[in-house]
Each structure stands twice: as structure tokens, then as C-alpha cells.
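Colleague: File protein.cif below, mmCIF, C-alpha atoms and all ligand atoms:
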data_work
#
loop_
_atom_site.label_atom_id
_atom_site.label_comp_id
_atom_site.auth_asym_id
_atom_site.auth_seq_id
_atom_site.Cartn_x
_atom_site.Cartn_y
_atom_site.Cartn_z
CA VAL A 194 177.57 -169.53 52.63
CA ARG A 195 180.97 -170.49 51.32
CA PRO A 196 181.35 -173.57 49.13
CA LEU A 197 181.75 -176.88 50.87
CA ILE A 198 181.45 -180.46 49.86
CA VAL A 199 180.23 -182.96 52.36
CA ALA A 200 180.19 -186.18 50.40
CA LEU A 201 178.75 -189.02 52.37
CA ILE A 202 179.68 -192.42 51.16
CA VAL A 203 176.99 -194.32 52.97
CA GLY A 204 177.52 -197.64 51.27
CA LEU A 205 179.70 -199.37 48.76
CA LEU A 206 179.18 -198.56 45.13
CA GLY A 207 178.65 -202.22 44.26
CA GLY A 208 175.38 -202.87 42.51
CA CYS A 209 173.13 -205.11 40.58
CA ALA A 210 174.83 -207.31 38.06
CA ASP A 211 171.72 -208.45 36.21
CA PRO A 212 172.71 -207.88 32.57
CA ALA A 213 169.05 -207.54 31.57
CA LEU A 214 168.92 -204.35 33.57
CA ARG A 215 172.18 -202.89 32.31
CA GLY A 216 171.79 -199.28 31.23
CA GLY A 217 168.52 -198.54 32.96
CA PRO A 218 165.76 -197.75 33.14
CA ASN A 219 166.80 -195.17 35.69
CA VAL A 220 164.80 -193.01 38.08
CA VAL A 221 165.38 -189.26 38.27
CA LEU A 222 163.64 -187.20 40.95
CA ILE A 223 164.04 -183.41 40.88
CA THR A 224 162.64 -181.44 43.80
CA ILE A 225 162.69 -177.65 43.54
CA ASP A 226 162.31 -176.03 46.95
CA THR A 227 159.42 -173.60 47.53
CA LEU A 228 158.00 -173.67 43.99
CA ARG A 229 154.28 -172.92 43.91
CA ALA A 230 152.52 -174.37 40.89
CA ASP A 231 150.64 -171.26 39.80
CA HIS A 232 153.85 -169.26 39.31
CA CYS A 233 155.03 -171.72 36.65
CA SER A 234 154.17 -170.92 33.04
CA LEU A 235 153.77 -174.70 32.79
CA TYR A 236 150.55 -174.02 34.71
CA GLY A 237 149.52 -170.95 32.74
CA TYR A 238 151.31 -168.23 34.71
CA GLY A 239 151.55 -164.93 32.81
CA ARG A 240 155.34 -164.66 32.96
CA PRO A 241 157.37 -167.23 30.98
CA THR A 242 159.03 -168.66 34.11
CA THR A 243 159.43 -172.32 33.08
CA PRO A 244 160.25 -172.67 29.37
CA PHE A 245 162.26 -175.85 29.91
CA LEU A 246 159.50 -177.56 31.89
CA GLU A 247 157.05 -176.60 29.15
CA GLU A 248 159.27 -178.29 26.57
CA LEU A 249 159.61 -181.37 28.74
CA ALA A 250 155.83 -181.42 29.19
CA ARG A 251 155.33 -181.98 25.45
CA ARG A 252 156.26 -185.61 26.11
CA ALA A 253 155.27 -185.94 29.77
CA THR A 254 152.28 -186.09 32.07
CA VAL A 255 151.47 -182.93 33.99
CA PHE A 256 149.37 -183.26 37.13
CA GLU A 257 147.37 -180.08 37.35
CA ASN A 258 146.38 -180.45 40.98
CA ALA A 259 149.31 -181.85 42.94
CA TYR A 260 149.66 -181.29 46.67
CA ALA A 261 152.53 -181.33 49.12
CA PRO A 262 151.61 -183.21 52.33
CA SER A 263 152.71 -180.18 54.38
CA SER A 264 153.78 -176.60 53.76
CA TRP A 265 157.46 -176.85 54.67
CA THR A 266 160.40 -179.00 53.73
CA ALA A 267 161.02 -181.67 56.36
CA PRO A 268 157.52 -183.20 56.74
CA SER A 269 156.80 -182.96 53.00
CA MET A 270 160.03 -184.62 51.92
CA ALA A 271 159.79 -187.29 54.64
CA SER A 272 156.30 -188.05 53.26
CA LEU A 273 157.64 -188.20 49.71
CA PHE A 274 160.38 -190.61 50.83
CA THR A 275 158.09 -192.89 52.91
CA SER A 276 154.58 -192.43 51.47
CA LEU A 277 153.38 -191.85 55.02
CA PRO A 278 151.59 -188.74 56.27
CA PRO A 279 153.60 -186.41 58.53
CA ARG A 280 151.85 -187.64 61.68
CA SER A 281 152.88 -191.24 60.96
CA HIS A 282 156.55 -190.70 60.13
CA GLY A 283 156.72 -188.13 62.92
CA VAL A 284 158.94 -185.59 61.14
CA VAL A 285 156.79 -182.55 61.90
CA ALA A 286 159.01 -180.05 63.71
CA GLY A 287 162.48 -178.64 63.31
CA PHE A 288 164.29 -175.39 63.81
CA PHE A 289 167.42 -173.85 62.54
CA ARG A 290 169.72 -171.51 64.32
CA LYS A 291 172.55 -169.58 62.76
CA GLY A 292 172.11 -171.38 59.46
CA ALA A 293 172.20 -174.90 60.89
CA VAL A 294 169.33 -177.24 61.71
CA VAL A 295 168.85 -178.18 65.36
CA GLU A 296 166.16 -180.12 67.20
CA GLN A 297 164.54 -181.51 64.09
CA ASP A 298 162.52 -184.71 64.29
CA TYR A 299 164.79 -187.46 62.94
CA LEU A 300 163.46 -189.61 60.10
CA GLY A 301 163.44 -193.01 61.85
CA GLU A 302 165.66 -195.88 60.76
CA ASP A 303 162.73 -198.30 60.79
CA PHE A 304 161.02 -196.65 57.83
CA GLU A 305 161.86 -198.10 54.46
CA THR A 306 162.70 -195.00 52.48
CA LEU A 307 162.42 -194.70 48.72
CA ALA A 308 166.19 -194.79 48.30
CA GLU A 309 166.46 -197.87 50.52
CA VAL A 310 163.92 -199.79 48.43
CA LEU A 311 165.56 -198.73 45.19
CA ARG A 312 169.01 -199.71 46.40
CA ARG A 313 167.67 -203.11 47.42
CA GLN A 314 166.24 -203.40 43.91
CA GLY A 315 169.74 -203.00 42.54
CA LEU A 316 169.78 -199.32 41.64
CA GLN A 317 172.76 -197.25 42.67
CA THR A 318 171.47 -194.26 44.57
CA PHE A 319 172.77 -190.70 44.32
CA GLY A 320 171.51 -187.48 45.87
CA VAL A 321 172.39 -183.81 45.90
CA SER A 322 170.73 -181.89 48.76
CA THR A 323 170.89 -178.15 49.27
CA ASN A 324 168.53 -177.99 52.22
CA ALA A 325 169.99 -178.50 55.71
CA HIS A 326 166.67 -180.02 56.77
CA LEU A 327 167.44 -182.90 54.37
CA THR A 328 170.79 -184.33 55.44
CA ALA A 329 172.47 -187.38 56.92
CA ARG A 330 172.09 -185.69 60.28
CA THR A 331 168.28 -185.54 59.99
CA GLY A 332 167.93 -189.12 58.65
CA PHE A 333 167.49 -188.25 54.98
CA ALA A 334 170.67 -189.95 53.73
CA GLN A 335 169.16 -193.40 54.38
CA GLY A 336 169.45 -195.55 51.28
CA PHE A 337 171.81 -193.25 49.40
CA ASP A 338 175.13 -194.63 48.24
CA VAL A 339 176.23 -191.03 47.78
CA LEU A 340 174.54 -187.95 49.18
CA VAL A 341 176.24 -184.65 48.44
CA GLU A 342 175.23 -181.90 50.87
CA ARG A 343 175.58 -178.23 49.91
CA TRP A 344 173.41 -176.30 52.35
CA TRP A 345 171.45 -173.34 50.99
CA GLU A 346 173.42 -173.24 47.75
CA SER A 347 172.22 -171.97 44.38
CA ALA A 348 171.35 -173.95 41.26
CA ALA A 349 174.77 -173.25 39.73
CA VAL A 350 176.44 -175.12 42.60
CA VAL A 351 173.84 -177.91 42.44
CA ASN A 352 174.60 -178.42 38.77
CA GLU A 353 178.33 -178.45 39.41
CA GLU A 354 177.84 -181.22 41.98
CA ALA A 355 175.32 -183.20 39.94
CA LEU A 356 177.39 -182.98 36.76
CA GLY A 357 180.32 -184.16 38.84
CA LEU A 358 178.42 -187.45 39.29
CA ARG A 359 178.37 -188.04 35.52
CA ASP A 360 181.03 -190.76 35.44
CA ALA A 361 179.49 -192.60 38.40
CA LEU A 362 176.04 -192.44 36.78
CA ARG A 363 177.41 -193.70 33.48
CA ALA A 364 179.14 -196.58 35.24
CA ALA A 365 175.95 -197.65 37.03
CA ASP A 366 173.77 -200.42 35.63
CA ARG A 367 170.75 -198.58 36.91
CA TYR A 368 170.60 -195.52 39.07
CA PHE A 369 168.29 -193.39 41.16
CA LEU A 370 169.27 -189.72 41.13
CA TRP A 371 167.61 -187.20 43.46
CA VAL A 372 168.51 -183.54 43.01
CA HIS A 373 167.07 -180.94 45.39
CA TYR A 374 167.42 -177.33 44.20
CA PHE A 375 167.16 -174.63 46.88
CA ASP A 376 166.03 -171.78 44.60
CA PRO A 377 163.49 -170.11 44.59
CA HIS A 378 163.50 -170.28 48.42
CA ASP A 379 163.98 -166.89 50.12
CA GLU A 380 166.10 -164.73 50.32
CA TYR A 381 165.05 -164.11 46.75
CA GLU A 382 167.80 -162.96 44.44
CA ALA A 383 167.14 -160.74 41.43
CA ARG A 384 168.20 -163.14 38.68
CA GLU A 385 169.00 -161.55 35.35
CA PRO A 386 167.94 -161.11 32.64
CA TRP A 387 164.53 -162.14 33.95
CA PHE A 388 164.20 -159.78 36.90
CA GLY A 389 165.08 -156.73 34.80
CA THR A 390 162.49 -157.67 32.21
CA TYR A 391 159.72 -158.30 34.75
CA ALA A 392 160.50 -155.09 36.63
CA ARG A 393 160.58 -153.03 33.42
CA LEU A 394 157.27 -154.41 32.14
CA ALA A 395 155.66 -153.80 35.52
CA GLU A 396 157.01 -150.24 35.54
CA GLU A 397 155.63 -149.58 32.08
CA ALA A 398 152.22 -150.91 33.08
CA ARG A 399 152.25 -148.70 36.15
CA ALA A 400 153.27 -145.60 34.19
CA ALA A 401 150.48 -146.23 31.70
CA ALA A 402 147.89 -146.35 34.47
CA GLU A 403 149.10 -143.74 36.95
CA PRO A 404 146.16 -142.88 39.18
CA PRO A 405 145.64 -139.17 39.90
CA ASP A 406 144.50 -139.83 43.46
CA PRO A 407 147.39 -139.51 46.00
CA ALA A 408 145.85 -142.04 48.42
CA ALA A 409 145.66 -144.63 45.66
CA ARG A 410 149.25 -143.83 44.74
CA ALA A 411 150.43 -144.42 48.32
CA ARG A 412 148.58 -147.73 48.44
CA ARG A 413 150.13 -148.73 45.16
CA GLU A 414 153.57 -147.84 46.43
CA ALA A 415 153.12 -150.23 49.38
CA LEU A 416 151.92 -152.92 47.02
CA ARG A 417 154.98 -152.26 44.89
CA LEU A 418 157.28 -153.67 47.61
CA LEU A 419 155.40 -156.94 47.50
CA GLN A 420 155.48 -156.94 43.71
CA VAL A 421 159.25 -156.59 43.69
CA SER A 422 159.46 -159.67 45.92
CA VAL A 423 157.29 -161.54 43.46
CA GLU A 424 159.38 -160.36 40.50
CA LYS A 425 162.51 -161.66 42.23
CA TYR A 426 160.81 -164.93 43.15
CA ASP A 427 159.69 -165.38 39.55
CA SER A 428 163.19 -164.61 38.25
CA GLU A 429 164.52 -167.33 40.58
CA ILE A 430 162.12 -169.80 38.96
CA ASN A 431 163.55 -168.90 35.54
CA TYR A 432 167.02 -169.30 36.96
CA VAL A 433 166.39 -172.81 38.25
CA ASP A 434 164.50 -173.75 35.06
CA ALA A 435 167.53 -172.72 32.98
CA HIS A 436 169.79 -174.82 35.21
CA LEU A 437 167.43 -177.77 34.88
CA ARG A 438 167.82 -177.53 31.12
CA ALA A 439 171.61 -177.62 31.52
CA LEU A 440 171.41 -180.54 33.95
CA PHE A 441 169.23 -182.61 31.62
CA ALA A 442 171.50 -181.89 28.68
CA GLY A 443 174.70 -182.49 30.65
CA LEU A 444 173.63 -185.83 32.11
CA GLY A 445 171.36 -187.03 29.31
CA LEU A 446 168.69 -187.55 31.96
CA GLU A 447 165.77 -188.06 29.64
CA ALA A 448 167.22 -191.12 27.95
CA ASN A 449 165.79 -194.28 29.45
CA ALA A 450 164.57 -192.84 32.75
CA LEU A 451 161.42 -192.18 34.66
CA VAL A 452 161.73 -188.45 35.26
CA ILE A 453 159.77 -186.66 37.98
CA VAL A 454 159.94 -182.91 38.64
CA THR A 455 158.12 -181.42 41.62
CA SER A 456 158.50 -179.21 44.72
CA ASP A 457 158.29 -179.70 48.48
CA HIS A 458 155.75 -176.88 49.08
CA GLY A 459 154.61 -173.50 47.77
CA GLU A 460 155.05 -169.92 48.96
CA ALA A 461 152.67 -167.22 50.21
CA PHE A 462 152.65 -163.58 49.14
CA LEU A 463 150.07 -162.17 51.57
CA GLU A 464 147.11 -163.96 49.94
CA HIS A 465 145.96 -164.82 53.47
CA GLY A 466 148.04 -162.38 55.47
CA THR A 467 151.34 -164.29 55.58
CA LEU A 468 154.58 -164.44 53.65
CA SER A 469 156.91 -167.40 53.10
CA HIS A 470 155.69 -170.93 53.95
CA GLY A 471 155.07 -173.31 56.83
CA GLN A 472 152.49 -170.80 58.05
CA SER A 473 149.24 -172.21 56.73
CA LEU A 474 147.69 -174.84 54.48
CA PHE A 475 146.11 -172.48 51.99
CA GLU A 476 146.56 -173.47 48.35
CA GLU A 477 149.47 -171.07 47.69
CA GLU A 478 151.55 -172.99 50.27
CA ILE A 479 150.66 -176.57 49.30
CA ARG A 480 149.98 -176.66 45.55
CA VAL A 481 153.11 -177.79 43.74
CA PRO A 482 154.04 -178.58 40.16
CA LEU A 483 154.25 -182.26 39.25
CA LEU A 484 155.55 -183.52 35.94
CA LEU A 485 156.15 -187.19 35.26
CA LYS A 486 157.81 -188.52 32.12
CA LEU A 487 158.03 -192.20 31.24
CA PRO A 488 161.08 -193.30 29.20
CA ASP A 489 159.03 -194.11 26.11
CA GLN A 490 156.55 -191.25 26.43
CA ARG A 491 156.18 -189.12 23.30
CA GLU A 492 152.80 -187.48 23.85
CA PRO A 493 151.70 -184.87 26.36
CA ARG A 494 149.07 -185.68 28.92
CA ARG A 495 147.29 -183.61 31.54
CA VAL A 496 145.67 -185.14 34.62
CA ALA A 497 143.24 -182.93 36.52
CA SER A 498 142.46 -185.07 39.55
CA ARG A 499 144.08 -184.25 42.87
CA VAL A 500 147.21 -186.17 43.76
CA SER A 501 149.86 -185.90 46.47
CA LEU A 502 153.62 -186.27 46.83
CA VAL A 503 152.93 -189.44 48.87
CA ASP A 504 151.90 -190.99 45.54
CA LEU A 505 155.43 -190.82 44.12
CA TYR A 506 156.80 -193.66 46.26
CA PRO A 507 154.33 -196.31 44.98
CA THR A 508 154.63 -194.82 41.47
CA ILE A 509 158.40 -195.28 41.41
CA LEU A 510 158.19 -198.73 43.01
CA GLU A 511 155.71 -199.88 40.40
CA PHE A 512 157.98 -198.49 37.71
CA VAL A 513 160.98 -200.53 38.91
CA GLY A 514 158.76 -203.59 39.32
CA THR A 515 158.55 -204.12 43.04
CA ASP A 516 155.61 -204.15 45.44
CA ALA A 517 155.05 -201.26 47.79
CA PRO A 518 154.74 -202.10 51.50
CA PRO A 519 151.10 -202.66 52.47
CA ARG A 520 150.91 -199.75 54.83
CA ILE A 521 151.49 -196.61 52.78
CA GLU A 522 149.22 -193.67 52.09
CA GLY A 523 149.91 -193.09 48.39
CA VAL A 524 148.65 -194.77 45.24
CA SER A 525 150.64 -195.28 42.05
CA LEU A 526 150.23 -192.60 39.40
CA LEU A 527 151.45 -194.86 36.58
CA PRO A 528 147.91 -195.79 35.44
CA ALA A 529 147.17 -192.05 35.17
CA ALA A 530 150.42 -191.37 33.34
CA ARG A 531 150.00 -194.31 30.96
CA ALA A 532 146.31 -194.29 30.22
CA GLY A 533 144.79 -191.29 31.92
CA HIS A 534 143.10 -193.33 34.67
CA PRO A 535 143.24 -190.86 37.51
CA PRO A 536 143.11 -191.69 41.20
CA ASP A 537 140.08 -190.29 42.98
CA ARG A 538 140.49 -189.86 46.68
CA ALA A 539 140.58 -187.26 49.44
CA ILE A 540 143.86 -185.37 49.81
CA VAL A 541 144.95 -184.65 53.38
CA THR A 542 147.64 -182.13 54.36
CA GLU A 543 149.00 -181.32 57.80
CA LEU A 544 150.97 -178.64 59.60
CA ASP A 545 152.11 -179.17 63.18
CA ARG A 546 154.80 -176.69 64.12
CA ASP A 547 155.39 -173.59 66.23
CA ARG A 548 152.28 -174.34 68.35
CA ARG A 549 150.21 -174.42 65.18
CA THR A 550 148.25 -177.58 64.43
CA GLU A 551 146.17 -177.61 61.25
CA GLN A 552 144.86 -180.08 58.68
CA THR A 553 143.02 -179.94 55.39
CA VAL A 554 140.91 -182.55 53.63
CA THR A 555 140.14 -181.88 49.97
CA TRP A 556 137.59 -184.04 48.22
CA ARG A 557 136.07 -183.35 44.80
CA GLY A 558 136.64 -179.62 44.90
CA TRP A 559 135.62 -179.08 48.53
CA LYS A 560 138.24 -178.28 51.12
CA LEU A 561 137.82 -178.70 54.86
CA TYR A 562 140.35 -176.54 56.70
CA ARG A 563 140.64 -177.52 60.38
CA ARG A 564 142.68 -175.76 62.99
CA GLU A 565 143.26 -177.39 66.37
CA ALA A 566 145.78 -174.92 67.77
CA PRO A 567 146.40 -172.20 68.79
CA GLU A 568 142.58 -171.90 68.67
CA ALA A 569 140.10 -174.35 67.17
CA ALA A 570 138.42 -173.36 63.91
CA THR A 571 136.68 -175.15 61.06
CA ARG A 572 136.29 -173.67 57.61
CA LEU A 573 134.94 -175.00 54.35
CA PHE A 574 135.93 -173.77 50.89
CA ASP A 575 134.60 -174.54 47.44
CA LEU A 576 137.80 -174.55 45.40
CA GLU A 577 135.93 -174.71 42.08
CA SER A 578 134.05 -171.44 42.54
CA ASP A 579 136.43 -169.86 45.05
CA PRO A 580 140.02 -170.94 44.29
CA GLY A 581 141.38 -168.04 46.39
CA GLU A 582 139.70 -169.48 49.53
CA ARG A 583 137.93 -166.24 50.42
CA ARG A 584 134.48 -167.48 51.46
CA ASP A 585 134.01 -169.84 54.37
CA LEU A 586 130.93 -171.95 53.56
CA ALA A 587 130.88 -174.04 56.74
CA THR A 588 127.53 -172.69 57.94
CA GLU A 589 125.99 -172.57 54.48
CA HIS A 590 126.79 -176.19 53.63
CA PRO A 591 126.50 -178.26 56.83
CA GLU A 592 125.97 -181.48 54.84
CA ARG A 593 129.26 -180.98 52.94
CA LEU A 594 131.02 -180.13 56.14
CA ARG A 595 129.72 -183.32 57.77
CA GLU A 596 130.80 -185.42 54.80
CA LEU A 597 134.35 -184.06 54.90
CA GLU A 598 134.56 -184.38 58.67
CA GLU A 599 133.61 -188.03 58.31
CA ARG A 600 136.41 -188.46 55.79
CA TRP A 601 138.76 -186.73 58.19
CA GLY A 602 137.67 -189.08 61.00
CA ALA A 603 138.23 -192.18 58.86
CA TRP A 604 141.64 -190.94 57.70
CA LYS A 605 142.69 -190.08 61.24
CA ALA A 606 141.67 -193.54 62.47
CA ARG A 607 143.85 -195.09 59.75
CA TRP A 608 146.87 -192.88 60.51
CA PRO A 609 147.32 -192.51 64.26
CA PRO A 610 150.11 -190.16 65.27
CA ALA A 611 153.53 -191.68 65.89
CA ALA A 612 156.00 -189.30 67.41
CA ALA A 613 159.53 -189.31 66.05
CA THR A 614 161.70 -191.44 68.30
CA ARG A 615 164.47 -188.88 68.51
CA LYS A 616 165.43 -185.32 67.79
CA VAL A 617 168.46 -184.12 65.92
CA ALA A 618 170.67 -182.84 68.71
CA PRO A 619 172.17 -179.35 68.72
CA PHE A 620 175.72 -179.31 67.43
CA SER A 621 178.51 -180.07 69.85
CA ALA A 622 181.09 -177.33 70.44
CA ASP A 623 183.45 -179.27 68.19
CA GLU A 624 180.97 -179.55 65.35
CA GLU A 625 180.04 -175.89 65.68
CA GLU A 626 183.63 -174.89 65.35
CA ARG A 627 184.10 -177.06 62.28
CA LEU A 628 180.95 -175.70 60.64
CA ARG A 629 181.97 -172.15 61.43
CA ALA A 630 185.36 -172.74 59.86
CA LEU A 631 183.58 -173.99 56.75
CA GLY A 632 181.43 -170.88 56.60
CA TYR A 633 178.10 -172.42 57.66
CA LEU A 634 177.40 -170.71 60.97
ZN ZN B 1 161.31 -176.33 51.36
#
Would you kindly transcribe this structure into C-alpha cells?
Ligand SMILES: [Zn+2]
Modeller:
Amino acid sequence: VRPLIVALIVGLLGGCADPALRGGPNVVLITIDTLRADHCSLYGYGRPTTPFLEELARRATVFENAYAPSSWTAPSMASLFTSLPPRSHGVVAGFFRKGAVVEQDYLGEDFETLAEVLRRQGLQTFGVSTNAHLTARTGFAQGFDVLVERWWESAAVVNEEALGLRDALRAADRYFLWVHYFDPHDEYEAREPWFGTYARLAEEARAAAEPPDPAARARREALRLLQVSVEKYDSEINYVDAHLRALFAGLGLEANALVIVTSDHGEAFLEHGTLSHGQSLFEEEIRVPLLLKLPDQREPRRVASRVSLVDLYPTILEFVGTDAPPRIEGVSLLPAARAGHPPDRAIVTELDRDRRTEQTVTWRGWKLYRREAPEAATRLFDLESDPGERRDLATEHPERLRELEERWGAWKARWPPAAATRKVAPFSADEEERLRALGYL
């Protein structure tokens, strides 16, 4: 993909003139595409993939069990921006062809998005999006004074664009800045020096434990291909972490801002027979990092209870001092960040795409995994004793199963499905030609 700037000036750059608010506090939201929590050293991963996030965490709150509402970009991010579950904002399906998104559910104009609320509160709103599922065309520019779109670009390009906003950010009384990094989404690049180091250490470990048995050697060779993918994926995490460090330094983001760093979903490496994401709702695809830093925070905090990206909307609204609309799914995480009072509720996730309809309900360590299509199935996992979701306990624990199904029923009654009112249309011949000329198709 060749470089391109699509800068969308959605509104005027006029803003709040309240002198009491001059100079912040600001709101900074960083979303890192496809970053599963357990591959971050912030969460105890063996490779040092996230040194910058670890430093930031010394004066921030880390949520140890944060969930994306779905396992791919569009529904998860629409949920983050509306605090509604995927079925209620209706952004559940979307496809891309030749590098461009077509037929995606459009995020409806009637939803009050996070950026819209913040702009109404007097913050100037800036975004940098690298994912073509998150664009003006798919409804995600709502509320942004400026949204820079650089489809599928790397962290270096993201930083160039975000650092280019420096003067505008400095001139703002208060601002909301959303930066969406595309790494470590596939195709994974071997980012140096990290990839070389991981590959060398893995090679040394293999050489030290060479099995004499040829069958075992063949099996290990097959496994090796997967391991190389993981080494690349991990090196991409380092790469984006290093760029985050540069972004924070370059823009002075920590000063006087609520800072949130998270991801839109995880990534599978054959734990349950699939690669990539948007394929299932197993933990590897929905557990994401979540770090939240208040402007005056000096101490680290860890919160173990389960939370969801839908909680960020009421969290940010509480931070800027405005009420959240009555009908949202999330709860504010500020009490947890300030005083360690964690929310305690069932976490629901959904996937409804490519003829696959699934949901999970997780409550106090138990996870109900329902599948409606292509064939109905109900499974029950005990995440405390079986975090890898290997043993289905549905028949062994009928009382647990019933309890979670009741929770599912109550949740479903509260959030009836609302289909998106329109689809993003395929590109016109004109648009296609323009995009091709720009290197997108
Ligand atoms: Zn994504």
C-alpha cells in the first residue's frame, strides 16, 4: 500500500472557550489492532514485548481481564464507540475485497458516538485510523473534527501522521485523540532486532533438546512454522510498543490526560484449530490488554475483575464530567482505577459473521460458549482451572450451565437485535479508479 493521506475535515476546528478548561485535561485513546493480552510482557509473557507499556503501568491501572465485545475490528470498535453490544448497534458484518471494505454494516447516525459526546463537551477531536473498517465511509468518522485515514499502514506512518497533529493539539483547549495502530495484524512482518533475537533463542533451545526420534523431529518441524509466525507476531508487538514510546514522548501525551491503551481483539495460533481472528470467541481472540492512566496517577494498580471495551465510553464520559446516556451496556471503570472498586458483572461477547453466530457469557470464572449457527452447540468452561478452554463441563455442571443460561436470557431480553439500517456500498467505478491510482486496490 503506497502512502496516502485522506484527511477528513468533518467540522470546524472551533472549540470550547471556557478558560477553566484551557490546557486539558485531555483524553487519549490508543487502540492497537489484533493485540492479545497474553503476548504482552505487561501481562507476564515470557518475551519482553511491551517494555514501554510496562513503564507506563508503573503509574497506571492495568485491567488483568479485559474483553473485546467481539473478535474482529468493526463490531468491537463500534461497541467501544457506543457502549452498545454488537447486536444493538448492528455493525456485525463486513467484507473487504482487493484491499477495500465493501458491504460493511454502517455505524448509524442516530448513535451518539464517543467522539460526538466529547466534541459536544468542548473537546476538539482528532483521530488517526489505519484500518479500512474504521473510516468515514463506514460511519466511524462521526464526531471527529479531523480523522486521518491511512489504510493498513505501519506504526511508523501512524506516528508521522499523529506527530503531524502536534500544533493542532497544542492549540486546542482540550482534545480527544484516538490513534489506531494496525500492527501486529497479519501479514506479520519480521521486525528487527526483536525477530532475530526471538528466532535465535528458539533455535538455541531447539538445538539443546534435539530429539533422536525422526517422527518427533518431523512433528517439531511442522510446529516450527507456527512458531515462526508467533516470533514475527511478537516482534510486531515490540515494534508498535517502541512507536508508542516515541508517540508519547513526541506529543507529551501523559501530561494532563486520561490515557487508555487497549486493542480491538486478540489473535489465534491454532489453540482451537484456527488462525487469525473473527473465527471464534475463545479467550485468545477476545482477551485484550487494557491500561488506564489518570492524569494525577503516580502509583500502579491491578484490577482482576472482568471488564469490557464497552466500559470505556462511560469511563471517559465520567472523566470529562458528563452523564452517559441511560441506555448503554458499560459501566465506568473510574471507581476501579481510583480506589480499586471493581465492577462485578457478566461479560458477554458476540460473533455474527460468515454464517457463524456465537455468543459467550462469562461470570465469576465460568464461561458459557453458545453457538447458534452453523450448528447449535452449548459448552461450559471453568476458566480458573482450565484457562485454555479444553474441557467442556456442560454435562458435569448442569446447575452452573442453567445459571449462565439464565444470565444470557436476561441479557438478551435487555439487548434485542437491531439490524444496521444500511450497508456500505461497493465502490463506484469512479471511486475504484481513484483508489487504484492511489495504490489501494
Ligand atoms: Zn482488528
Colleague: So, counting all atoms listed in the file, which residue among A:Trp371, A:Tyr426, A:Trp556, A:Trp344 is closest to Glu385 in chain A?
Modeller: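 Checking each of A:Trp371, A:Tyr426, A:Trp556, A:Trp344 against Glu385 in chain A, counting all atoms listed in the file, the winner is A:Tyr426.
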Colleague: Ligand ZN 1 (chain B): which residues are within 7 Å, counting all atoms listed in the file? Reply as an NGL selection string.
Modeller: :A and (226-227 or 265-266 or 457-458)
Colleague: Excluding same-chain residues fewer than 5 positions from range 392-404 of chain A, what lies within 8 Å of it counting all atoms listed in the file, as a PDB file with C-alpha atoms, in the coordinates of the input?
Modeller:
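In the end it all went to around_18.pdb:
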ATOM      1  CA  ALA A 409     145.660-144.630  45.660  1.00  0.00           C
ATOM      2  CA  ARG A 410     149.250-143.830  44.740  1.00  0.00           C
ATOM      3  CA  VAL A 421     159.250-156.590  43.690  1.00  0.00           C
ATOM      4  CA  GLU A 424     159.380-160.360  40.500  1.00  0.00           C
TER       5      GLU A 424
END
Colleague: Set the distance at 12 Å and use all atoms listed in the file: which residues neighbour range 388-390 of chain A once local chain neighbours fewer than 6 positions away are removed? I'd like the list as a list in words.
Modeller: Arg240, Pro241, Thr242, Tyr381, Glu382, Glu396, Glu397, Gln420, Val421, Ser422, Val423, Glu424, Lys425, Tyr426, Asp427, Ser428, Glu429, Ile430, Asn431 and Tyr432 of chain A
Colleague: Closest to Pro518 in chain A among A:Phe304, A:Ser281, A:Lys605, A:Ile225, using all atoms listed in the file?
Modeller: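 Result for the nearest residue to Pro518 in chain A: A:Phe304.
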Colleague: Out of A:Gly239, A:Gly523, A:Gly336, A:Gly471, which residue has the shortest atom-to-atom distance to Ile509 in chain A when counting all atoms listed in the file?
Modeller: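 Nearest candidate to Ile509 in chain A out of A:Gly239, A:Gly523, A:Gly336, A:Gly471: A:Gly523.
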Colleague: For Pro268 in chain A, work out the shell of residues within 8 Å, counting only C-alpha atoms and skipping chain neighbours fewer than 2 positions away, then give it as a ChimeraX atom specification.
Modeller: /A:262-263,265-266,270-272,279,283-286
Colleague: Could you turn the residues from that selection into a file that holds C-alpha atoms, as a PDB file, keeping the file's coordinate frame?
Modeller:
ATOM      1  CA  PRO A 262     151.610-183.210  52.330  1.00  0.00           C
ATOM      2  CA  SER A 263     152.710-180.180  54.380  1.00  0.00           C
ATOM      3  CA  TRP A 265     157.460-176.850  54.670  1.00  0.00           C
ATOM      4  CA  THR A 266     160.400-179.000  53.730  1.00  0.00           C
ATOM      5  CA  MET A 270     160.030-184.620  51.920  1.00  0.00           C
ATOM      6  CA  ALA A 271     159.790-187.290  54.640  1.00  0.00           C
ATOM      7  CA  SER A 272     156.300-188.050  53.260  1.00  0.00           C
ATOM      8  CA  PRO A 279     153.600-186.410  58.530  1.00  0.00           C
ATOM      9  CA  GLY A 283     156.720-188.130  62.920  1.00  0.00           C
ATOM     10  CA  VAL A 284     158.940-185.590  61.140  1.00  0.00           C
ATOM     11  CA  VAL A 285     156.790-182.550  61.900  1.00  0.00           C
ATOM     12  CA  ALA A 286     159.010-180.050  63.710  1.00  0.00           C
TER      13      ALA A 286
END
Colleague: Residues near Thr571 in chain A, anyone? I mean within 10 Å using only C-alpha atoms, not counting same-chain ones fewer than 3 positions away, as a VMD selection string.
Modeller: chain A and resid 551 to 553 561 to 565 585 to 588 594 598
Colleague: With distances taken over only C-alpha atoms, which residue among A:Leu370, A:Ala348, A:Val513, A:Leu419 lies nearest Ala439 in chain A?
Modeller: A:Ala348
